[in-house]
Structure formats: structure tokens, C-alpha cells
file run_17.txt (compact mmCIF, C-alpha atoms and all ligand atoms)
# COMPACT_ATOMS: atom_id res chain seq x y z
CA MET U 1 177.46 -78.49 -30.18
CA ALA U 2 175.48 -76.93 -27.35
CA LEU U 3 171.76 -77.61 -27.12
CA LEU U 4 171.24 -74.08 -25.82
CA GLN U 5 173.38 -71.00 -26.26
CA LEU U 6 172.23 -68.10 -24.18
CA GLU U 7 174.18 -64.92 -24.79
CA ASP U 8 174.14 -61.76 -22.74
CA LEU U 9 170.43 -61.76 -22.01
CA HIS U 10 168.85 -58.62 -20.57
CA ALA U 11 165.16 -58.79 -19.68
CA CYS U 12 163.03 -56.42 -17.64
CA TYR U 13 159.54 -55.84 -16.29
CA ARG U 14 158.17 -52.44 -17.13
CA THR U 15 155.17 -51.57 -15.02
CA GLU U 16 153.18 -48.43 -14.42
CA VAL U 17 151.49 -47.64 -11.13
CA TYR U 18 149.52 -44.38 -10.80
CA GLY U 19 151.28 -43.02 -13.87
CA ILE U 20 154.75 -43.70 -12.47
CA SER U 21 156.65 -46.19 -14.55
CA ARG U 22 159.10 -48.57 -12.98
CA SER U 23 161.48 -50.93 -14.63
CA VAL U 24 163.15 -53.88 -12.96
CA ARG U 25 165.89 -55.56 -14.93
CA ALA U 26 165.26 -59.05 -13.64
CA VAL U 27 167.87 -60.70 -15.89
CA ASP U 28 171.00 -58.65 -16.36
CA GLY U 29 173.55 -59.97 -18.82
CA VAL U 30 173.21 -63.72 -18.31
CA SER U 31 175.08 -66.10 -20.61
CA LEU U 32 175.24 -69.86 -20.44
CA GLU U 33 175.59 -72.94 -22.58
CA LEU U 34 173.73 -76.16 -21.98
CA TYR U 35 174.71 -79.47 -23.52
CA GLU U 36 172.76 -82.58 -24.38
CA ASN U 37 172.46 -84.94 -21.45
CA GLU U 38 173.22 -82.30 -18.85
CA ILE U 39 171.47 -81.15 -15.69
CA TYR U 40 172.14 -77.49 -15.04
CA GLY U 41 171.09 -76.16 -11.65
CA ILE U 42 170.14 -72.54 -11.12
CA ALA U 43 169.93 -71.39 -7.53
CA GLY U 44 169.59 -68.08 -5.76
CA GLU U 45 167.48 -66.30 -3.21
CA SER U 46 163.96 -65.15 -3.88
CA SER U 47 163.59 -62.51 -6.60
CA SER U 48 166.96 -63.21 -8.14
CA GLY U 49 165.45 -63.65 -11.61
CA LYS U 50 165.30 -67.44 -11.91
CA THR U 51 161.69 -67.70 -13.07
CA THR U 52 162.15 -64.74 -15.41
CA LEU U 53 165.11 -66.46 -17.03
CA ILE U 54 163.15 -69.65 -17.55
CA LYS U 55 160.22 -67.72 -19.01
CA VAL U 56 162.52 -66.28 -21.66
CA LEU U 57 164.12 -69.67 -22.33
CA SER U 58 160.69 -71.23 -22.88
CA GLY U 59 159.43 -68.36 -25.04
CA THR U 60 156.75 -67.44 -22.49
CA LEU U 61 157.06 -63.73 -23.04
CA LYS U 62 154.20 -61.42 -22.32
CA PRO U 63 153.95 -57.91 -20.90
CA PRO U 64 155.15 -56.52 -18.61
CA LEU U 65 158.14 -58.83 -19.29
CA ARG U 66 160.25 -57.86 -22.27
CA VAL U 67 163.63 -58.83 -23.60
CA GLU U 68 165.90 -55.85 -24.15
CA SER U 69 168.79 -57.68 -25.77
CA GLY U 70 170.55 -61.01 -26.06
CA ARG U 71 170.34 -64.25 -27.97
CA VAL U 72 168.59 -67.52 -27.10
CA HIS U 73 169.62 -70.14 -29.62
CA TYR U 74 168.63 -73.82 -29.56
CA ASN U 75 170.05 -76.60 -31.67
CA PHE U 76 167.77 -79.64 -31.64
CA GLY U 77 169.83 -81.63 -34.14
CA SER U 78 167.28 -81.73 -36.93
CA PHE U 79 166.51 -78.02 -36.65
CA ALA U 80 167.61 -74.85 -34.89
CA VAL U 81 165.49 -72.23 -33.17
CA ASP U 82 166.12 -68.63 -32.31
CA MET U 83 163.71 -68.19 -29.43
CA LEU U 84 163.57 -64.40 -29.61
CA SER U 85 162.46 -64.32 -33.23
CA ILE U 86 160.56 -67.58 -33.67
CA ASP U 87 157.11 -67.46 -35.23
CA PRO U 88 154.53 -68.14 -32.45
CA GLU U 89 152.82 -70.83 -34.53
CA GLU U 90 156.11 -72.65 -35.12
CA LEU U 91 156.82 -72.40 -31.39
CA ARG U 92 153.43 -73.90 -30.55
CA GLN U 93 153.53 -76.65 -33.17
CA ASN U 94 157.13 -77.84 -33.14
CA VAL U 95 158.93 -76.63 -30.08
CA ARG U 96 156.74 -76.48 -26.96
CA TRP U 97 156.19 -79.89 -25.38
CA LYS U 98 157.98 -81.62 -28.25
CA GLN U 99 161.46 -80.11 -27.75
CA ILE U 100 161.13 -77.91 -24.66
CA SER U 101 158.84 -78.70 -21.76
CA TYR U 102 158.27 -76.20 -19.02
CA VAL U 103 157.34 -77.56 -15.59
CA MET U 104 156.11 -74.38 -13.98
CA GLN U 105 156.57 -73.21 -10.42
CA GLY U 106 153.56 -74.75 -8.64
CA SER U 107 153.03 -77.05 -11.60
CA MET U 108 150.02 -78.74 -10.04
CA SER U 109 147.99 -76.34 -12.15
CA VAL U 110 148.75 -78.39 -15.24
CA LEU U 111 146.56 -81.16 -13.80
CA ASN U 112 142.84 -80.56 -14.11
CA PRO U 113 141.25 -81.29 -10.69
CA VAL U 114 138.02 -82.67 -12.16
CA ARG U 115 139.67 -84.98 -14.67
CA LYS U 116 141.42 -88.27 -14.18
CA ILE U 117 145.13 -88.08 -14.99
CA MET U 118 144.69 -90.15 -18.17
CA ARG U 119 142.28 -87.53 -19.53
CA THR U 120 144.89 -84.82 -19.05
CA PHE U 121 147.44 -86.88 -20.99
CA GLU U 122 144.82 -87.44 -23.66
CA GLU U 123 144.05 -83.73 -23.99
CA ILE U 124 147.70 -82.76 -24.31
CA VAL U 125 148.52 -85.46 -26.85
CA ARG U 126 145.34 -84.78 -28.84
CA THR U 127 146.11 -81.06 -29.02
CA HIS U 128 149.75 -81.34 -29.99
CA GLN U 129 149.87 -84.49 -32.08
CA GLY U 130 146.49 -86.16 -32.46
CA ILE U 131 145.39 -89.62 -31.36
CA PRO U 132 144.65 -91.85 -34.35
CA ASP U 133 144.22 -94.99 -32.25
CA LYS U 134 142.86 -94.62 -28.72
CA LYS U 135 143.78 -98.14 -27.63
CA SER U 136 147.45 -97.83 -28.51
CA PHE U 137 147.53 -94.33 -26.99
CA VAL U 138 146.34 -95.75 -23.66
CA GLU U 139 148.89 -98.55 -23.84
CA GLN U 140 151.76 -96.18 -24.72
CA THR U 141 150.82 -93.80 -21.93
CA ARG U 142 150.85 -96.65 -19.40
CA GLN U 143 154.26 -97.74 -20.65
CA HIS U 144 155.53 -94.17 -20.52
CA VAL U 145 154.68 -93.64 -16.84
CA GLN U 146 155.91 -97.11 -15.98
CA ARG U 147 159.27 -96.44 -17.64
CA LEU U 148 159.61 -93.44 -15.35
CA GLY U 149 159.00 -95.64 -12.32
CA LEU U 150 155.43 -94.56 -11.63
CA PRO U 151 152.64 -97.08 -11.12
CA PRO U 152 150.41 -96.98 -14.21
CA ASP U 153 147.34 -96.98 -11.94
CA VAL U 154 147.96 -93.28 -11.22
CA LEU U 155 146.45 -92.62 -14.63
CA ASP U 156 143.06 -93.79 -13.37
CA LEU U 157 143.05 -91.42 -10.40
CA TYR U 158 142.08 -87.78 -9.90
CA PRO U 159 144.84 -85.32 -8.89
CA HIS U 160 143.45 -84.93 -5.35
CA GLN U 161 143.88 -88.67 -4.80
CA LEU U 162 147.66 -88.36 -5.21
CA SER U 163 150.27 -87.13 -2.74
CA GLY U 164 152.05 -83.86 -3.56
CA GLY U 165 155.20 -85.71 -4.51
CA MET U 166 153.34 -88.10 -6.79
CA ARG U 167 151.46 -85.21 -8.44
CA GLN U 168 154.75 -83.51 -9.16
CA ARG U 169 156.15 -86.70 -10.69
CA VAL U 170 153.01 -87.02 -12.80
CA ALA U 171 153.52 -83.42 -13.97
CA ILE U 172 157.05 -84.39 -15.04
CA ALA U 173 155.76 -87.51 -16.81
CA LEU U 174 153.30 -85.28 -18.63
CA ALA U 175 156.08 -82.88 -19.57
CA THR U 176 158.05 -85.72 -21.14
CA VAL U 177 155.25 -87.39 -23.05
CA PHE U 178 156.75 -86.30 -26.41
CA HIS U 179 160.34 -87.03 -25.33
CA PRO U 180 161.57 -83.43 -25.40
CA SER U 181 165.26 -82.51 -25.57
CA LEU U 182 164.99 -80.12 -22.64
CA ILE U 183 162.95 -79.80 -19.47
CA LEU U 184 162.80 -76.43 -17.75
CA ALA U 185 161.82 -77.22 -14.17
CA ASP U 186 161.02 -74.30 -11.89
CA GLU U 187 161.20 -75.22 -8.20
CA PRO U 188 159.82 -78.73 -8.71
CA VAL U 189 160.58 -79.79 -5.14
CA SER U 190 159.62 -76.65 -3.25
CA MET U 191 156.14 -77.80 -2.26
CA VAL U 192 157.19 -81.31 -1.43
CA ASP U 193 158.34 -82.93 1.81
CA ALA U 194 162.07 -83.44 2.10
CA SER U 195 161.52 -87.18 2.15
CA LEU U 196 159.89 -87.12 -1.28
CA ARG U 197 162.32 -84.73 -2.91
CA MET U 198 164.76 -87.44 -3.85
CA ALA U 199 162.08 -89.35 -5.75
CA ILE U 200 161.47 -86.29 -7.88
CA VAL U 201 165.06 -85.37 -8.56
CA ASN U 202 165.90 -89.00 -9.28
CA LEU U 203 163.33 -88.81 -12.04
CA PHE U 204 165.39 -86.07 -13.69
CA LYS U 205 168.50 -88.22 -13.34
CA LYS U 206 166.69 -91.11 -14.94
CA LEU U 207 165.53 -88.93 -17.84
CA ARG U 208 169.07 -87.66 -18.36
CA ASP U 209 170.71 -91.07 -18.12
CA GLU U 210 168.17 -93.12 -20.03
CA GLN U 211 166.66 -90.69 -22.51
CA ASN U 212 169.44 -88.09 -23.02
CA VAL U 213 167.19 -85.32 -21.77
CA SER U 214 168.79 -82.09 -20.53
CA VAL U 215 167.29 -80.31 -17.56
CA ILE U 216 167.49 -76.79 -16.23
CA TYR U 217 166.70 -77.29 -12.58
CA ILE U 218 165.73 -74.19 -10.63
CA THR U 219 165.71 -74.45 -6.89
CA HIS U 220 166.26 -72.91 -3.48
CA ASP U 221 167.30 -76.31 -2.27
CA LEU U 222 171.05 -76.59 -2.68
CA ALA U 223 171.12 -80.14 -1.36
CA THR U 224 169.18 -81.52 -4.31
CA ALA U 225 170.99 -79.16 -6.69
CA TYR U 226 174.29 -80.56 -5.45
CA TYR U 227 173.01 -84.08 -5.80
CA ILE U 228 171.74 -83.94 -9.38
CA SER U 229 173.36 -81.00 -11.19
CA ASP U 230 176.36 -81.35 -13.44
CA ARG U 231 176.90 -77.61 -13.42
CA ILE U 232 175.28 -74.83 -11.45
CA ALA U 233 174.80 -71.07 -11.65
CA ILE U 234 174.14 -68.91 -8.60
CA MET U 235 171.92 -65.93 -9.36
CA LEU U 236 171.63 -62.66 -7.50
CA ARG U 237 169.54 -59.71 -8.68
CA GLY U 238 169.59 -60.76 -12.30
CA TYR U 239 173.30 -61.58 -12.34
CA VAL U 240 174.95 -64.95 -12.41
CA VAL U 241 177.55 -64.35 -9.68
CA GLU U 242 179.24 -67.73 -9.93
CA SER U 243 178.89 -70.70 -12.26
CA GLY U 244 180.72 -73.90 -13.06
CA PRO U 245 180.90 -77.59 -12.13
CA VAL U 246 178.68 -78.14 -9.11
CA GLU U 247 181.42 -79.55 -6.86
CA GLN U 248 183.68 -76.56 -7.55
CA VAL U 249 181.02 -73.95 -6.93
CA LEU U 250 179.36 -75.47 -3.89
CA ASP U 251 182.34 -77.07 -2.18
CA LYS U 252 184.75 -74.17 -2.74
CA PRO U 253 182.66 -71.10 -3.45
CA LEU U 254 184.65 -68.02 -4.44
CA HIS U 255 182.07 -65.26 -4.74
CA PRO U 256 181.35 -63.61 -1.36
CA TYR U 257 177.64 -64.19 -1.90
CA THR U 258 178.12 -67.90 -2.56
CA GLN U 259 180.54 -68.00 0.38
CA LEU U 260 177.87 -66.52 2.62
CA LEU U 261 175.87 -69.60 1.84
CA GLN U 262 178.76 -71.94 2.48
CA GLU U 263 177.53 -72.68 5.98
CA SER U 264 174.67 -74.58 4.51
CA VAL U 265 176.39 -75.84 1.39
CA PRO U 266 175.57 -79.52 1.32
CA ARG U 267 178.17 -82.20 1.78
CA PRO U 268 177.77 -85.63 0.21
CA ALA U 269 175.36 -86.66 2.99
CA VAL U 270 172.65 -84.98 0.98
CA SER U 271 169.76 -86.27 3.03
CA GLU U 272 170.99 -84.40 6.10
CA ARG U 273 170.73 -81.08 4.37
CA THR U 274 167.37 -80.02 3.19
CA GLN U 275 166.86 -76.31 3.06
CA TRP U 276 169.32 -73.76 1.87
CA ALA U 277 168.13 -70.22 1.58
CA ARG U 278 165.46 -68.92 3.86
CA PRO U 279 163.07 -66.71 1.95
CA ILE U 280 164.29 -63.18 2.42
CA GLU U 281 161.91 -60.26 2.69
CA LEU U 282 163.35 -57.66 0.38
CA GLY U 283 161.00 -54.86 -0.51
CA SER U 284 162.99 -51.67 -0.87
CA THR U 285 166.36 -53.47 -0.59
CA GLU U 286 165.36 -55.46 -3.62
CA VAL U 287 164.54 -52.41 -5.71
CA LYS U 288 167.72 -50.67 -4.57
CA GLU U 289 169.89 -53.66 -5.41
CA TYR U 290 168.37 -54.10 -8.84
CA SER U 291 169.08 -50.50 -9.77
CA ARG U 292 172.48 -50.30 -8.05
CA VAL U 293 175.42 -49.10 -10.13
CA GLY U 294 178.27 -51.58 -9.97
CA CYS U 295 178.04 -54.92 -8.19
CA LYS U 296 174.54 -55.73 -6.94
CA TYR U 297 176.04 -57.33 -3.86
CA ALA U 298 178.18 -54.33 -2.89
CA GLY U 299 175.74 -53.19 -0.19
CA ARG U 300 175.98 -56.51 1.64
CA CYS U 301 179.49 -57.68 0.75
CA PRO U 302 182.08 -57.89 3.56
CA HIS U 303 184.90 -57.39 1.01
CA VAL U 304 183.44 -54.38 -0.77
CA MET U 305 185.96 -52.04 -2.46
CA ASP U 306 185.46 -48.64 -4.09
CA VAL U 307 185.60 -50.12 -7.56
CA CYS U 308 182.66 -52.44 -6.77
CA LYS U 309 180.36 -49.44 -6.54
CA GLN U 310 181.50 -47.90 -9.77
CA ALA U 311 180.97 -50.44 -12.54
CA ASP U 312 179.67 -53.96 -13.12
CA PRO U 313 182.27 -56.52 -12.07
CA PRO U 314 183.81 -58.56 -14.88
CA ASP U 315 183.31 -62.31 -15.27
CA VAL U 316 186.61 -63.87 -14.23
CA VAL U 317 187.51 -67.52 -14.82
CA VAL U 318 189.15 -68.96 -11.70
CA GLU U 319 189.84 -72.64 -11.04
CA GLY U 320 187.36 -73.96 -13.56
CA ARG U 321 184.46 -71.70 -12.73
CA THR U 322 183.35 -68.18 -13.61
CA VAL U 323 183.04 -65.57 -10.85
CA LYS U 324 181.60 -62.10 -11.28
CA CYS U 325 183.77 -60.30 -8.76
CA TYR U 326 186.56 -57.72 -8.57
CA LEU U 327 188.33 -59.78 -5.90
CA TYR U 328 189.56 -62.09 -8.65
CA THR U 329 190.72 -59.54 -11.18
CA ASN U 330 194.45 -59.00 -11.62
CA ASP U 331 194.32 -55.58 -9.96
CA ALA U 332 192.90 -57.00 -6.76
CA ARG U 333 195.07 -60.09 -6.57
N1 LIG U 401 154.90 -59.88 -13.47
C1 LIG U 401 155.84 -59.12 -12.91
N2 LIG U 401 155.73 -57.77 -12.93
C2 LIG U 401 156.67 -56.98 -12.39
N3 LIG U 401 157.79 -57.43 -11.79
C3 LIG U 401 157.96 -58.76 -11.72
C4 LIG U 401 156.98 -59.68 -12.27
N4 LIG U 401 157.42 -60.94 -12.05
C5 LIG U 401 158.59 -60.83 -11.39
N5 LIG U 401 158.92 -59.53 -11.20
C6 LIG U 401 160.12 -59.01 -10.52
O1 LIG U 401 161.28 -59.53 -11.18
C7 LIG U 401 162.28 -59.88 -10.23
C8 LIG U 401 162.70 -61.33 -10.43
O2 LIG U 401 161.58 -62.18 -10.16
P1 LIG U 401 161.58 -63.74 -10.43
O3 LIG U 401 160.19 -64.21 -10.24
O4 LIG U 401 162.23 -64.02 -11.75
O5 LIG U 401 162.53 -64.24 -9.25
P2 LIG U 401 162.81 -65.74 -8.74
O6 LIG U 401 164.30 -65.85 -8.62
O7 LIG U 401 162.11 -66.72 -9.59
O8 LIG U 401 162.19 -65.69 -7.26
P3 LIG U 401 161.50 -66.89 -6.40
O9 LIG U 401 162.64 -67.69 -5.86
O10 LIG U 401 160.77 -66.15 -5.34
O11 LIG U 401 160.60 -67.65 -7.31
C9 LIG U 401 161.68 -59.59 -8.84
O12 LIG U 401 162.14 -58.34 -8.40
C10 LIG U 401 160.20 -59.55 -9.09
O13 LIG U 401 159.57 -58.66 -8.19
MG MG U 402 160.63 -68.12 -9.20
call {"tool": "encode", "arguments": {"input": "run_17.txt", "output": "C-alpha cells", "more": "lines below"}}
Ligand SMILES: Nc1ncnc2c1ncn2[C@@H]1O[C@H](COP(=O)(O)OP(=O)(O)OP(=O)(O)O)[C@@H](O)[C@H]1O
Ligand SMILES: [Mg+2]
result
Amino acid sequence: MALLQLEDLHACYRTEVYGISRSVRAVDGVSLELYENEIYGIAGESSSGKTTLIKVLSGTLKPPLRVESGRVHYNFGSFAVDMLSIDPEELRQNVRWKQISYVMQGSMSVLNPVRKIMRTFEEIVRTHQGIPDKKSFVEQTRQHVQRLGLPPDVLDLYPHQLSGGMRQRVAIALATVFHPSLILADEPVSMVDASLRMAIVNLFKKLRDEQNVSVIYITHDLATAYYISDRIAIMLRGYVVESGPVEQVLDKPLHPYTQLLQESVPRPAVSERTQWARPIELGSTEVKEYSRVGCKYAGRCPHVMDVCKQADPPDVVVEGRTVKCYLYTNDAR
């Protein structure tokens, strides 16, 4: 059974500026299933809705973000959770940190700059579980970081004494202190030198292979996504335009948007390829695309047809992956 079943999620930001209200549907009908022991990559250009999706998956919902419809169902073996209707106290006590850990975009903020790393571990464990015996807590924490391949001495340092890559790995060690079933990692390698990226993504591999942890790995960096993901989804303006096994989607992309990126789709020599999508300045294009009727990519697509501008494209299963595109419907083929 799937660890996570996400069904037809629609989520939007409703804001009001000078009395004019604006609504951006940042997640527009996304469905996916995630299994135990699986790394699922989510990639897409800036403002495609990746962080919004992960906020909903982690139950971090506050205005102006609201879920309009959909279902977010977790099965943790011993208990199940419906994220959109869970009691906030239950979420805090039994789910956050213990079953689902969220490594936020720019996660350095989880580390307190004036406290040694061990103190941060202590605070988190004290708050969520309690520490009956300080000595065994210290010993277990040392073993925990060591198991993840980090030198236990990092615990005696302040965050500013660590490199960016090491801080990020510490943030992941912190996120896994209660052995959660799922890690939601939002751009964990974006602030880190290419040379250190592998150390971070290898940590996710290790967690998957040795502790059965599943990971949703959000990134702009297709090279690392290719390297560690089992499956991947490509997002564009709140849609998933293409999803499936990572080799299928990145080696033989079918959606014109994924194809546009093919130039820089990584080959097995992962280290040669570092950056995929350049940040794109969107402004009014962004707003227009979000509110576009029909396919969000129609304004940029070289294969655009009349039908693309009239209604949302269907999700079509082709060669083991799902593509949201009229090019692959029976009428077009
Ligand atoms: N707090 C907010 N209020 C209003 N709109 C927001 C808010 N946060 C995000 N948005 C809008 O929602 C859309 C999706 O944003 P989101 O942050 O989910 O994208 P992303 O794919 O994570 O981008 P990036 O790669 O830059 O992190 C964007 O159009 C963004 O402007
Ligand atoms: Mg983001």
C-alpha cells in the first residue's frame, strides 16, 4: 500500500492588495502516489508550485494558502492520517518530526546560530518526546549522526563553524532524529557548491537504503534528481506535465516542456551536469500562465494546437509515464 496518496489537489493563494483580490492556483489538480523506500523527485522552473505542494503535504497550511479540494492520505502502517482534516494537536504530537519531516527551503534556519548543534537536537527531542536520561540522549545522538556518516564532533560546534554543505547534512540528521517514514526536502542542494551536492543527496540514498525512509526531493538540479530519484514529476504552473520512472522521463521526455529541457537533461556522467533550469523572471507571464484556459504551456509550446487553448489537457499514459498533453491523445496521433 502507498505511504502517500495524493488525489487531485487544488490549492491557491488568495491575496488582497489595495482592495483588489487576486487568486493564484499554485497547485492545480496534482495526483501522485509515493511508496515506502522511494525517492520521488519533483522538478520545475521557479514558481511552478513545488514549495506550495510540499507545504500542503506537510500540513503547513496558513493564509493566504488554502486548499480548495483534493485528498492527502498517509498510511504509516500503525495508523493512517488524512492531512486535510487532521486535528492540529494530533499533527504536532504524532506526525510532524516523527512520521513526516520537512527540510525547508533554506533550512539553515532550523539551526539556532547562538547554540551548539547538540543543543538544537536537545531542544527538538525534549519538545517532541522528552529526555529522561541526558547521558543516553547524548550517546544516541552521537550514534545517530555517525550512522549518517557525519563526524560526531559536529555536535559540539556552532552552525557558523560548519560549511554550508555540512550544515545542510546536519539539518537532515536533525530531520531524521525520530526515524520518520517520510522526508520532504525542499531544494536541499540549492545553496551548496556542486562539489558538495553529492554528499547531501547520498545521505538521502543512505536513508532510503538503510532505514526504509521515503523522500520527496524538490530541486532545480536535474542532475542530482536523475541520480537519486526513483520516479520524478515535472511541474509547470501548478500542473504535473510529465511523471514516471526517472530514466523514462529525463532520457526520453515526451512533453514539449520537458523536451525543451532535454538539452540539459543529465546523462549518467552526473558530475558533469550541475545546473538545469536558469531562474526565469516571470512577472506578468507567470500570472497569465496561471490563469490561462487550457494548457498552461500553450503560449510557449512549439506544437500548440487549437484544442490546447480550449480545455485542460488530459493525463495520458505513454510508454510507462504520464504526460499531460494533447499530442498524445488518440485524436492527435
Ligand atoms: N505567500 C504567498 N502569497 C501569494 N502567492 C504566493 C505565496 N507563496 C507563493 N506564491 C505564488 O504561488 C506560486 C507558486 O509558488 P511556489 O513557491 O510554490 O513555487 P516553487 O516552484 O517552489 O518556486 P521556486 O523554485 O522559486 O522555489 C507562485 O506564483 C508564487 O508567486
Ligand atoms: Mg520553492
call {"tool": "residues_near_ligand", "arguments": {"input": "run_17.txt", "ligand": "ligand MG 402 (chain U)", "cutoff": "9 Å", "atoms": "all atoms listed in the file", "output": "count of residues only"}}
result
13
call {"tool": "axis_aligned_box", "arguments": {"input": "run_17.txt", "around": "ligand LIG 401 (chain U)", "padding_each_side": "6 Å", "output": "lines of an AutoDock Vina configuration file"}}
result
center_x = 159.6
center_y = -62.3
center_z = -9.4
size_x = 21.4
size_y = 22.7
size_z = 20.1
call {"tool": "closest_residue", "arguments": {"input": "run_17.txt", "among": "U:Ile117, U:Ala311, U:Ile232, U:Leu4", "to": "Gln161 (chain U)", "atoms": "all atoms listed in the file"}}
result
U:Ile117
call {"tool": "residues_near_ligand", "arguments": {"input": "run_17.txt", "ligand": "ligand LIG 401 (chain U)", "cutoff": "10 Å", "atoms": "only C-alpha atoms and all ligand atoms", "output": "number ranges by chain"}}
result
U: 11-16, 22-27, 42-55, 62-65, 105, 186-187, 190, 218-220, 235-238, 277, 279-280, 282-283, 286-287, 289-290
call {"tool": "residues_around", "arguments": {"input": "run_17.txt", "residues": "region 79-96 of chain U", "least_positions_apart": "2", "cutoff": "9 Å", "atoms": "all atoms listed in the file", "output": "PyMOL selection string"}}
result
chain U and resi 56-59+67+70-77+98-102+128-129+180
call {"tool": "closest_residue", "arguments": {"input": "run_17.txt", "among": "U:Tyr40, U:Tyr297, U:Tyr158, U:Tyr18", "to": "Gly244 (chain U)", "atoms": "only C-alpha atoms"}}
result
U:Tyr40
call {"tool": "atom_distance", "arguments": {"input": "run_17.txt", "atom1": "CA of Val293 (chain U)", "atom2": "CA of Gly320 (chain U)"}}
result
27.8 Å
call {"tool": "atom_distance", "arguments": {"input": "run_17.txt", "atom1": "CA of Gln168 (chain U)", "atom2": "CA of Thr258 (chain U)"}}
result
28.9 Å
call {"tool": "closest_residue", "arguments": {"input": "run_17.txt", "among": "U:Ile124, U:Met118, U:Leu196, U:Val154", "to": "Thr141 (chain U)", "atoms": "all atoms listed in the file"}}
result
U:Met118
call {"tool": "residues_around", "arguments": {"input": "run_17.txt", "residues": "His303 (chain U)", "least_positions_apart": "6", "cutoff": "12 Å", "atoms": "all atoms listed in the file", "output": "list in words"}}
result
Leu254, His255, Pro256, Tyr257, Gln259, Leu260, Cys295, Tyr297, Lys309, Cys325, Tyr326, Leu327, Tyr328 and Ala332 of chain U
call {"tool": "residues_around", "arguments": {"input": "run_17.txt", "residues": "Val317 (chain U)", "least_positions_apart": "6", "cutoff": "10 Å", "atoms": "only C-alpha atoms", "output": "MDAnalysis selection string"}}
result
chainID U and resid 242:244 323:324 328:329
call {"tool": "closest_residue", "arguments": {"input": "run_17.txt", "among": "U:Val125, U:Val215, U:Val177, U:Leu150", "to": "Leu3 (chain U)", "atoms": "only C-alpha atoms"}}
result
U:Val215
call {"tool": "atom_distance", "arguments": {"input": "run_17.txt", "atom1": "CA of Ala2 (chain U)", "atom2": "CA of Leu34 (chain U)"}}
result
5.7 Å
call {"tool": "residues_near_point", "arguments": {"input": "run_17.txt", "point": "(162.1, -83.2, -17.5)", "cutoff": "9 Å", "atoms": "all atoms listed in the file", "output": "ChimeraX atom specification"}}
result
/U:100-103,172-173,175-176,179-185,203-204,207-208,213-217
call {"tool": "write_last_selection", "arguments": {"input": "run_17.txt", "atoms": "C-alpha atoms", "output": "JSON list (two decimals), keeping the file's coordinate frame"}}
result
[["chain", "number", "residue", "atom", "x", "y", "z"],
["U", 100, "ILE", "CA", 161.13, -77.91, -24.66],
["U", 101, "SER", "CA", 158.84, -78.70, -21.76],
["U", 102, "TYR", "CA", 158.27, -76.20, -19.02],
["U", 103, "VAL", "CA", 157.34, -77.56, -15.59],
["U", 172, "ILE", "CA", 157.05, -84.39, -15.04],
["U", 173, "ALA", "CA", 155.76, -87.51, -16.81],
["U", 175, "ALA", "CA", 156.08, -82.88, -19.57],
["U", 176, "THR", "CA", 158.05, -85.72, -21.14],
["U", 179, "HIS", "CA", 160.34, -87.03, -25.33],
["U", 180, "PRO", "CA", 161.57, -83.43, -25.40],
["U", 181, "SER", "CA", 165.26, -82.51, -25.57],
["U", 182, "LEU", "CA", 164.99, -80.12, -22.64],
["U", 183, "ILE", "CA", 162.95, -79.80, -19.47],
["U", 184, "LEU", "CA", 162.80, -76.43, -17.75],
["U", 185, "ALA", "CA", 161.82, -77.22, -14.17],
["U", 203, "LEU", "CA", 163.33, -88.81, -12.04],
["U", 204, "PHE", "CA", 165.39, -86.07, -13.69],
["U", 207, "LEU", "CA", 165.53, -88.93, -17.84],
["U", 208, "ARG", "CA", 169.07, -87.66, -18.36],
["U", 213, "VAL", "CA", 167.19, -85.32, -21.77],
["U", 214, "SER", "CA", 168.79, -82.09, -20.53],
["U", 215, "VAL", "CA", 167.29, -80.31, -17.56],
["U", 216, "ILE", "CA", 167.49, -76.79, -16.23],
["U", 217, "TYR", "CA", 166.70, -77.29, -12.58]]
call {"tool": "closest_residue", "arguments": {"input": "run_17.txt", "among": "U:Lys116, U:Asp209, U:Ile234, U:Gln310", "to": "Glu36 (chain U)", "atoms": "only C-alpha atoms"}}
result
U:Asp209
call {"tool": "residues_near_point", "arguments": {"input": "run_17.txt", "point": "(162.3, -87.9, -5.8)", "cutoff": "12 Å", "atoms": "all atoms listed in the file", "output": "short mmCIF file (atom, residue, chain, number, x, y, z; two decimals) with C-alpha atoms, keeping the file's coordinate frame"}}
result
data_model
loop_
_atom_site.label_atom_id
_atom_site.label_comp_id
_atom_site.auth_asym_id
_atom_site.auth_seq_id
_atom_site.Cartn_x
_atom_site.Cartn_y
_atom_site.Cartn_z
CA LEU U 148 159.61 -93.44 -15.35
CA GLY U 149 159.00 -95.64 -12.32
CA LEU U 150 155.43 -94.56 -11.63
CA GLY U 164 152.05 -83.86 -3.56
CA GLY U 165 155.20 -85.71 -4.51
CA MET U 166 153.34 -88.10 -6.79
CA ARG U 167 151.46 -85.21 -8.44
CA GLN U 168 154.75 -83.51 -9.16
CA ARG U 169 156.15 -86.70 -10.69
CA VAL U 170 153.01 -87.02 -12.80
CA ILE U 172 157.05 -84.39 -15.04
CA PRO U 188 159.82 -78.73 -8.71
CA VAL U 189 160.58 -79.79 -5.14
CA SER U 190 159.62 -76.65 -3.25
CA VAL U 192 157.19 -81.31 -1.43
CA ASP U 193 158.34 -82.93 1.81
CA ALA U 194 162.07 -83.44 2.10
CA SER U 195 161.52 -87.18 2.15
CA LEU U 196 159.89 -87.12 -1.28
CA ARG U 197 162.32 -84.73 -2.91
CA MET U 198 164.76 -87.44 -3.85
CA ALA U 199 162.08 -89.35 -5.75
CA ILE U 200 161.47 -86.29 -7.88
CA VAL U 201 165.06 -85.37 -8.56
CA ASN U 202 165.90 -89.00 -9.28
CA LEU U 203 163.33 -88.81 -12.04
CA PHE U 204 165.39 -86.07 -13.69
CA LYS U 205 168.50 -88.22 -13.34
CA LYS U 206 166.69 -91.11 -14.94
CA THR U 224 169.18 -81.52 -4.31
CA TYR U 227 173.01 -84.08 -5.80
CA ILE U 228 171.74 -83.94 -9.38
CA SER U 271 169.76 -86.27 3.03
#
call {"tool": "closest_residue", "arguments": {"input": "run_17.txt", "among": "U:Ala171, U:Pro152, U:Gln140, U:Ile131", "to": "Leu111 (chain U)", "atoms": "all atoms listed in the file"}}
result
U:Ala171
call {"tool": "residues_around", "arguments": {"input": "run_17.txt", "residues": "Val30 (chain U)", "least_positions_apart": "5", "cutoff": "8 Å", "atoms": "all atoms listed in the file", "output": "VMD selection string"}}
result
chain U and resid 6 to 10 238 to 240
